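This report concerns only the one structure given below.
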Amino acid sequence: MAQQEPSPKPAHNGNLSLALDFGPLLVFFLTYKGAGWFWGAGNPITAMSLGTAAFMAAIIIAVIISKVKLGRVSPMLWLSAMLILFFGGLTIYFQDQSFIQIKPTIIYSFFALMLFGGLLRGKALLKYLLQAAYDGLTEEGWRKLSRNWGIFFVAMAIANEVMRHSMSFDAWLAIKVWGVTIVSLVFALANIPMLMRHGLALGNKLDSEDIGETTPPQG
């Protein structure tokens with residue numbers, strides 16, 4: 001009897017995965033800046049709305065490309081898309097700068113409550129989002145990772161409140177778009193030693209195609 005060959009794995013491309021994870025963020029920033037230059041500094045909300053609309057379109061395209069080219073859509077990309085479409089719609093509807101700036105505080109606080117609430121119930125909720133990127137991690141490792149990210153989200157919510165009360169809108173936005181992304185990646189990497197002590201095999205994980213799956217939704 002001929003031996004049946006295993007079905008091929010979905011194609012993976014590290015550079016494409018990174019582009020899908022962070023490309024929409026770049027589209028938003030460039031659209032916002034371009035609209036600001038075109039209409040002038042007197043219409044930041046109009047520029048923000050156009051940037052947000054471009055962001056929403058870009059994340060939909062990213063999901064489609066991920067499904068077609070990679071054969072899958074990562075749980076984190078799905079979550080990012082849902083949050084961007086929901087809060088992006090609210091941003092366009094309200095056309096209010098205060099809502100735009102307080103929105104990250106709402107999202108960070110929600111994530112922190114979900115993670116700590118899950119831990120109180122004995123469940124590490126990050127396991128359901130990041131298992132593909134952290135395969136082999138023990139239950140204790142998942143609990144510690146959920147705890148660490150919960151603390152991170154609390155800190156980010158506080159930082160956002162400080163920044164929005166002490167910075168100009170453009171300065172706040174630049175830090176929100178790029179600073180938060182960099183800090184999130186650094187924090188994810190800082191957790192690696194702890195994860196390795198709890199079952200993570202670093203040699204097989206956290207390559208370029210998994211980076212976007214180890215950080216919270218961007219934007």
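How things are named: the first chain in the structure tokens is A, the next is B, and so on; residues count from 1 in each chain; ligands count from 1 in the order shown.
Every protein, DNA or RNA residue with an atom at most 10 Å from region 191-202 of chain A, where only C-alpha atoms count and chain neighbours fewer than 2 positions away do not, is listed here: Ala133, Tyr134, Asp135, Gly136, Leu137, Thr138, Glu139, Glu140, Gly141, Trp142, Lys144, Leu145, Asn148, Trp149, Val186, Phe187, Ala188, Leu189, Asn204, Lys205, Leu206 and Asp207 of chain A.
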(message) When you look at region 103-118 of chain A with a cut-off of 7 Å (counting only C-alpha atoms), what residues show up, excluding the ones that are within fewer than 6 positions of it in the same chain? I need them as JSON, numbers by chain.
(response) {"A": [124, 125, 146, 147, 150, 153, 154, 156, 157, 160, 161]}
File dump, residues just selected, N, CA and C atoms, as an mmCIF file, in the first residue's frame:
data_model
loop_
_atom_site.group_PDB
_atom_site.id
_atom_site.type_symbol
_atom_site.label_atom_id
_atom_site.label_comp_id
_atom_site.auth_asym_id
_atom_site.auth_seq_id
_atom_site.Cartn_x
_atom_site.Cartn_y
_atom_site.Cartn_z
ATOM 1 N N ALA A 124 -5.547 31.329 32.067
ATOM 2 C CA ALA A 124 -4.607 32.250 31.424
ATOM 3 C C ALA A 124 -5.137 32.535 30.020
ATOM 4 N N LEU A 125 -5.825 33.667 29.857
ATOM 5 C CA LEU A 125 -6.514 33.926 28.596
ATOM 6 C C LEU A 125 -5.564 34.113 27.422
ATOM 7 N N SER A 146 0.421 35.968 31.346
ATOM 8 C CA SER A 146 -0.819 36.742 31.439
ATOM 9 C C SER A 146 -0.717 37.801 32.525
ATOM 10 N N ARG A 147 -0.115 37.437 33.662
ATOM 11 C CA ARG A 147 0.082 38.408 34.747
ATOM 12 C C ARG A 147 0.965 39.565 34.288
ATOM 13 N N GLY A 150 -0.833 41.767 31.889
ATOM 14 C CA GLY A 150 -1.845 42.531 32.608
ATOM 15 C C GLY A 150 -1.239 43.749 33.276
ATOM 16 N N PHE A 153 -0.384 46.332 30.611
ATOM 17 C CA PHE A 153 -1.525 47.109 30.136
ATOM 18 C C PHE A 153 -1.950 48.171 31.154
ATOM 19 N N VAL A 154 -1.877 47.858 32.434
ATOM 20 C CA VAL A 154 -2.171 48.867 33.459
ATOM 21 C C VAL A 154 -1.198 50.030 33.343
ATOM 22 N N MET A 156 0.480 50.932 30.695
ATOM 23 C CA MET A 156 0.252 51.663 29.456
ATOM 24 C C MET A 156 -0.978 52.566 29.560
ATOM 25 N N ALA A 157 -2.004 52.115 30.269
ATOM 26 C CA ALA A 157 -3.183 52.958 30.461
ATOM 27 C C ALA A 157 -2.820 54.214 31.253
ATOM 28 N N ASN A 160 -0.713 56.510 29.055
ATOM 29 C CA ASN A 160 -1.514 57.216 28.062
ATOM 30 C C ASN A 160 -2.230 58.411 28.676
ATOM 31 N N GLU A 161 -2.732 58.227 29.890
ATOM 32 C CA GLU A 161 -3.399 59.348 30.555
ATOM 33 C C GLU A 161 -2.427 60.487 30.829
#
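Minimum atom-to-atom distance to Ser74 (chain A), evaluated using only C-alpha atoms, belongs to A:Tyr128 out of A:Thr31, A:Tyr128, A:Ile158, A:Ile45.
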(request) To one decimal in Å, tell me the separation between CA of Ala58 (chain A) and CA of Ser184 (chain A). (result) 21.2 Å
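Restricting the calculation to only C-alpha atoms, the smallest distance between Met48 (chain A) and any of A:Ile92, A:Leu26, A:Ile64, A:Met167 is found for A:Ile92.
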Near Ile175 (chain A), counting only C-alpha atoms, which residues have an atom at most 12 Å away, once you skip same-chain residues fewer than 6 positions from it, shown as an mmCIF file with C-alpha atoms, in the first residue's frame?
data_model
loop_
_atom_site.group_PDB
_atom_site.id
_atom_site.type_symbol
_atom_site.label_atom_id
_atom_site.label_comp_id
_atom_site.auth_asym_id
_atom_site.auth_seq_id
_atom_site.Cartn_x
_atom_site.Cartn_y
_atom_site.Cartn_z
ATOM 1 C CA PHE A 29 0.426 57.244 9.926
ATOM 2 C CA GLN A 101 -6.887 60.117 22.905
ATOM 3 C CA MET A 156 0.252 51.663 29.456
ATOM 4 C CA ALA A 159 1.105 56.331 30.659
ATOM 5 C CA ASN A 160 -1.514 57.216 28.062
ATOM 6 C CA MET A 163 0.757 61.735 27.852
ATOM 7 C CA ARG A 164 -2.623 62.965 26.665
ATOM 8 C CA MET A 167 1.567 66.580 25.238
ATOM 9 C CA SER A 168 0.343 68.108 22.024
ATOM 10 C CA PHE A 169 -1.882 65.915 19.884
ATOM 11 C CA THR A 181 4.871 49.426 19.175
ATOM 12 C CA ILE A 182 8.558 49.474 20.107
ATOM 13 C CA VAL A 183 7.862 49.224 23.847
ATOM 14 C CA GLY A 219 -2.929 50.929 16.730
#
(message) List as number ranges by chain the protein and nucleic acid residues near Tyr93 (chain A), meaning an atom at most 12 Å away when only C-alpha atoms are counted, but skip any in the same chain fewer than 6 places from it.
(response) A: 45-46, 48-50, 52-53, 86-87, 99-100
(request) Using only C-alpha atoms, find the one residue out of A:Ala19, A:Ala190, A:Leu120, A:Ile102 that sits nearest to Trp172 (chain A). (result)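 That would be A:Ile102, the residue with the smallest distance to Trp172 (chain A).
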(message) Would you compute the distance between CA of Asp170 (chain A) and CA of Pro44 (chain A)? Give it in Å to one decimal.
(response) 8.8 Å
(request) Check the DSSP output for the backbone and give back, as a ChimeraX atom specification, the residues of region 5-203 of chain A in helix (DSSP H, G or I). (result) /A:14-39,44-70,75-94,97-120,126-130,139-166,169-190,192-196,202-203
(request) Grab the CA of Leu83 (chain A) to CA of Asp96 (chain A) distance for me, in Å with one decimal place. (result) 18.1 Å
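Of the listed residues (A:Val177, A:Val68, A:Ala171, A:Val162), A:Val177 comes nearest to Phe55 (chain A); the distances count only C-alpha atoms.
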